[in-house]
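Asker: Once you've had a glance at the structure underneath, I'll fire off some questions.
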Amino acid sequence: MTFENFGLVLSGGGARGAYEAGVVKFLAEQGLQPSMISGASIGSFNGAVLAAASDIQEGAKKLESLWRGIDPERVLKLDSRLPLQLLIGMLLVGGREIATMNPALRLGYMGLVRGLSSIGSIEEFMDFLWSKPVLESASDGILDNRPIMELLEQQISLDALNAGIPLWISVYPSQGLARDLIRFLAASWLGIGNTDESHYFRVQDLAREEQIRVLLASAALPLAYESQWIDGRRYVDGGVGNTKESKGNTPLVPLVEAGIKRCIVVHLSNGSFWDRYDGYQDVEIIEVRPRKNVAPEGFTSTLNFNLSKIAMLIDLGYEDAKYHIGNALTALNLNSTRKKVAATLQDRIQALEEQKFAEAIRRLKE
Amino acid sequence: MMVAQDIDQEILELTQKLPTLSDKVILDMVNGIEVSRDHIRVRANRGGFFQRAWDALTGKSHRRQQQIDQSLTEGLAAVSNYVQNLALHQVQSDRAMIRIAEILYETREGIIELVDSHKKLQHSVEILEHALADLKRKHQVLEEEVNRLGLRQSAAIHMNRVFDRWAAGAFDEYPPLIQLMLALDELYWSPFSRYDATNPEFRNQVVDKVIIQLNRVTGRGPTELYTTRQWLGSLDKVGNVKRDAFAYLLNPGKSNRELLPITTVTVGLLEQPAGVDVEHWLHQNGVTTLPHVLANKLLSQRMVTETALRMLGDVA
């Protein structure tokens, strides 16, 4: 199979990222080496491992080994500062965000809040809530990101990453936990409104201390992990960007802007709304979409680091890559061979047309 | 020919009109179907009442349908492009086959021409071969004739040379019989012998020359009788050393000695010491076939014949 000079887009999806290890395994088997990688959330972690590897074969081995050796309890270590009442507060905060999107909802929400509180305005109520130490601490996330940082430090050599193939990471410019969370949930669950576009950083262009922060930010799902300061701005999980069209979570944009014309895009969700026809007219795209339900347990599948589930996802990723990429490349090879044969046929006929033979026949008749 | 050019022009125009079947079109067709499948699978799994109601309320159902429709529409557009390209390719292939058939026809015509030409050439070559064989034969005949003439000339030259030497007294120190035998031996050890074996035209001339020379050295007429014992008795004048040499030189070898009586007896006597009693020796060896008298003419005739036979025997 041949598919040269292509970019690899690794979507985010938390624990479902094991699926990408299976896809990469297939790429390695076929010798398909990407020339650029972009990732969102867990895809950026996987992408960093690949970018730092000497080649796709080494990257695939490392990635599979990393996923199969993961310790779920360490990855999902709860932050001890989490208060239970956080969720109630978040619901109220969320209500305000949703209310700003629609006048009717705004009226309903205001009535509800007035019924619950004697405080004069929503803004005052929100300021009151955010000023409390409980919510202030919750804005750092309910999960401890130190194990992930350790994992990054253990598995990814920044020197190798800086010398490796270009890696783009999708991060979302945070407007505050509540606003990010609610806009994300409203767009993704309720289909109301949308989040802003993600920003994309080329890791190799950043200072070393920022590289780790970008990787951490990329996976900082609002409420789950702590947001990160980069270049004077707070960033969270890039998968939050343009949620409705899943653009931030499927970061093909930076690769296209970098000049890539061929891409393999790996999705980690069922029926992703990412649209291959939206602004990628000149790009050849092979999408690898899960052919089985990868989230039977719903949203919590992003946090399901159960080893048997990981093994299942790796196998599924491998099989789906074999199917999608295999079919696509077979069709491309067929077309390429057809073109070559047609060109050869024309050449041969051209050779048959050469005058020497006609001249020889003419001489024979003389 | 005009028709073929029209077809080519039409194909060229079609090729320019049709959008290229790019790799992107292929991928959008093959991989785009999988996008629709993904959405259809997800939609099928959300068939419950509340799920359907929720998807309708949030607009997901509409968006999903939109993506399925878009993928299918884009896919169909790609298929249309693909089919048109395939049809064009088919036309190009058919055109190529027609052209190949035309070229094949031309080639076959050419081969037929070539076969006809080859046949004509073959016939010409056969005629030439016959002519060449005839020429070779003639050349061989001519070569043989030239050889024969050369040999004849050589034989004549040798004949004259030998008799000139004899006439010049080269053998005068020996008795006439020995002179005669030495001259003939020298003559027959030359190309004359080969020529004489195939054409004895000079033989009578040799006999005549021998008679003339014998007449000179014996001082007798050609038919003047001289006894055989006198001819043989003159051998006493040859010294012992030369006797052995002559006996060796004139030895009949493997030839039939009955056909060479004079030579055999002469060599037999030469093998004896000088002064042997000829009559006694002949009697002792039972020689009865010799004539009692031998005139120059008869002796010449017989010795020429015996020398020719002796040489044939030696060659055999």
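By order in the structure tokens, chains are A, B, ...; within a chain, residues start at 1; ligands start at 1, following the order shown.
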Find the residues around stretch 245-253 of chain B up to 12 Å (only C-alpha atoms counted), leave out those fewer than 3 positions away in its own chain, and share them as a PyMOL selection string.
Answerer: chain B and resi 174+177-186+188-189+235+238-242+256-273+303+306-316
Asker: Enumerate as number ranges by chain the residues belonging to chain A that approach chain B to within 8 Å, with only C-alpha atoms taken into account.
Answerer: A: 189-192, 270-273, 275, 282-287, 289-291, 324, 327-328, 331-332, 335, 342, 345-346, 349, 352-353, 361, 364-365
Asker: Using N, CA and C atoms, can you write the selected residues to a file as a short mmCIF file (atom, residue, chain, number, x, y, z; two decimals), in the first residue's frame?
Answerer:
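Now in part06.cif:
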```
data_model
loop_
_atom_site.label_atom_id
_atom_site.label_comp_id
_atom_site.auth_asym_id
_atom_site.auth_seq_id
_atom_site.Cartn_x
_atom_site.Cartn_y
_atom_site.Cartn_z
N TRP A 189 -24.80 18.34 23.99
CA TRP A 189 -25.94 17.53 24.42
C TRP A 189 -27.28 18.10 23.95
N LEU A 190 -27.38 19.45 24.06
CA LEU A 190 -28.69 20.03 23.77
C LEU A 190 -28.80 20.55 22.34
N GLY A 191 -27.63 20.69 21.67
CA GLY A 191 -27.67 21.21 20.31
C GLY A 191 -27.96 22.69 20.29
N ILE A 192 -27.71 23.36 21.41
CA ILE A 192 -27.97 24.80 21.50
C ILE A 192 -26.64 25.54 21.49
N ASN A 270 -18.99 7.68 18.36
CA ASN A 270 -19.96 7.07 17.46
C ASN A 270 -20.63 8.18 16.65
N GLY A 271 -20.62 8.05 15.35
CA GLY A 271 -21.30 9.01 14.49
C GLY A 271 -20.83 10.44 14.68
N SER A 272 -19.55 10.66 14.59
CA SER A 272 -19.00 12.02 14.76
C SER A 272 -19.60 12.95 13.71
N PHE A 273 -19.91 14.20 14.16
CA PHE A 273 -20.48 15.17 13.22
C PHE A 273 -19.40 15.92 12.45
N ASP A 275 -17.27 17.01 9.56
CA ASP A 275 -17.72 16.98 8.16
C ASP A 275 -16.53 17.12 7.21
N ASP A 282 -9.57 20.51 -1.17
CA ASP A 282 -8.38 20.02 -1.87
C ASP A 282 -7.66 18.92 -1.10
N VAL A 283 -8.28 18.44 -0.04
CA VAL A 283 -7.57 17.48 0.80
C VAL A 283 -8.16 16.07 0.61
N GLU A 284 -7.26 15.12 0.39
CA GLU A 284 -7.69 13.72 0.29
C GLU A 284 -7.77 13.17 1.71
N ILE A 285 -8.97 12.71 2.08
CA ILE A 285 -9.17 12.31 3.48
C ILE A 285 -9.63 10.86 3.56
N ILE A 286 -8.96 10.13 4.45
CA ILE A 286 -9.46 8.79 4.80
C ILE A 286 -9.88 8.86 6.27
N GLU A 287 -11.16 8.67 6.50
CA GLU A 287 -11.64 8.68 7.89
C GLU A 287 -11.66 7.25 8.43
N ARG A 289 -13.54 5.48 11.22
CA ARG A 289 -14.64 5.63 12.19
C ARG A 289 -14.91 4.29 12.85
N PRO A 290 -15.16 4.29 14.15
CA PRO A 290 -15.46 3.02 14.82
C PRO A 290 -16.70 2.36 14.20
N ARG A 291 -16.57 1.09 13.89
CA ARG A 291 -17.70 0.38 13.29
C ARG A 291 -18.54 -0.35 14.33
N HIS A 324 -11.08 0.47 6.77
CA HIS A 324 -11.25 1.77 6.14
C HIS A 324 -10.04 2.15 5.27
N ASN A 327 -9.57 -0.43 2.35
CA ASN A 327 -10.49 -0.23 1.24
C ASN A 327 -10.11 1.00 0.42
N ALA A 328 -9.79 2.07 1.15
CA ALA A 328 -9.48 3.33 0.46
C ALA A 328 -8.23 3.18 -0.40
N ALA A 331 -8.71 1.08 -3.49
CA ALA A 331 -9.36 1.85 -4.56
C ALA A 331 -8.36 2.79 -5.22
N LEU A 332 -7.52 3.43 -4.40
CA LEU A 332 -6.51 4.36 -4.96
C LEU A 332 -5.51 3.62 -5.83
N ASN A 335 -7.03 2.69 -9.11
CA ASN A 335 -7.10 3.83 -10.01
C ASN A 335 -5.72 4.19 -10.55
N ALA A 342 -3.24 2.58 -18.72
CA ALA A 342 -3.74 3.38 -19.83
C ALA A 342 -2.59 4.15 -20.49
N LEU A 345 -0.48 1.77 -22.41
CA LEU A 345 -1.17 1.40 -23.64
C LEU A 345 -0.96 2.48 -24.70
N GLN A 346 -1.12 3.74 -24.29
CA GLN A 346 -0.92 4.85 -25.23
C GLN A 346 0.51 4.88 -25.75
N ILE A 349 1.03 2.07 -28.24
CA ILE A 349 0.38 2.35 -29.52
C ILE A 349 1.20 3.41 -30.27
N LEU A 352 3.90 1.74 -31.82
CA LEU A 352 3.47 0.99 -33.00
C LEU A 352 3.29 1.92 -34.20
N GLU A 353 2.94 3.18 -33.89
CA GLU A 353 2.67 4.14 -34.96
C GLU A 353 3.95 4.63 -35.63
N ILE A 361 7.68 -1.23 -44.83
CA ILE A 361 6.66 -1.85 -45.70
C ILE A 361 6.69 -1.19 -47.08
N LEU A 364 9.51 -2.47 -48.94
CA LEU A 364 9.27 -3.86 -49.34
C LEU A 364 8.48 -3.91 -50.64
N LYS A 365 7.54 -2.94 -50.76
CA LYS A 365 6.67 -2.95 -51.93
C LYS A 365 7.38 -2.41 -53.17
#
```
Asker: For B:Gly233, work out the shell of residues within 9 Å, counting only C-alpha atoms and skipping chain neighbours fewer than 6 positions away, then give it as a list in words.
Answerer: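 Final neighbour list, sorted by chain and number: Gly275, Val276, Asp277 and Val278 of chain B.
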Asker: Once DSSP has gone over the backbone, tell me which residues of stretch 232-320 of chain A are in alpha helix (DSSP H), as a list in words.
Answerer: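 Residues meeting the alpha helix (DSSP H) criterion: Val253, Pro254, Leu255, Val256, Glu257, Leu307, Ser308, Lys309, Ile310, Ala311, Met312, Leu313, Ile314, Asp315, Leu316, Gly317, Tyr318, Glu319 and Asp320 of chain A.
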Asker: So which residues touch B:Gln301 within 12 Å, counting only C-alpha atoms, skipping near sequence neighbours fewer than 5 positions away, as a ChimeraX atom specification?
Answerer: /B:180,184,203-211,214,222-223,262,294-296,306-308
Asker: Do you know which residues are at most 10 Å from A:Asp159 counting only C-alpha atoms, after dropping those on the same chain fewer than 3 positions away, and could you put them as an NGL selection string?
Answerer: :A and (52 or 156 or 162-164 or 204 or 208)
Asker: Write the residues you've just listed into a file as a JSON list (two decimals), in the first residue's frame, and include N, CA and C atoms for each of them.
Answerer:
```
[["chain", "number", "residue", "atom", "x", "y", "z"],
["A", 52, "ALA", "N", 7.53, 11.63, 18.88],
["A", 52, "ALA", "CA", 8.83, 11.50, 19.53],
["A", 52, "ALA", "C", 9.53, 10.19, 19.15],
["A", 156, "ILE", "N", 7.39, 10.47, 27.26],
["A", 156, "ILE", "CA", 7.73, 11.33, 26.12],
["A", 156, "ILE", "C", 8.98, 12.14, 26.42],
["A", 162, "ASN", "N", 11.04, 17.25, 20.10],
["A", 162, "ASN", "CA", 11.48, 18.44, 19.35],
["A", 162, "ASN", "C", 12.21, 18.06, 18.06],
["A", 163, "ALA", "N", 12.84, 16.88, 18.08],
["A", 163, "ALA", "CA", 13.54, 16.43, 16.87],
["A", 163, "ALA", "C", 12.62, 15.62, 15.97],
["A", 164, "GLY", "N", 11.40, 15.35, 16.45],
["A", 164, "GLY", "CA", 10.50, 14.46, 15.72],
["A", 164, "GLY", "C", 9.67, 15.17, 14.67],
["A", 204, "GLN", "N", 6.59, 21.92, 18.50],
["A", 204, "GLN", "CA", 8.03, 22.18, 18.31],
["A", 204, "GLN", "C", 8.35, 23.68, 18.29],
["A", 208, "ARG", "N", 10.12, 24.74, 26.12],
["A", 208, "ARG", "CA", 9.95, 23.41, 26.72],
["A", 208, "ARG", "C", 8.88, 23.40, 27.81]]
```
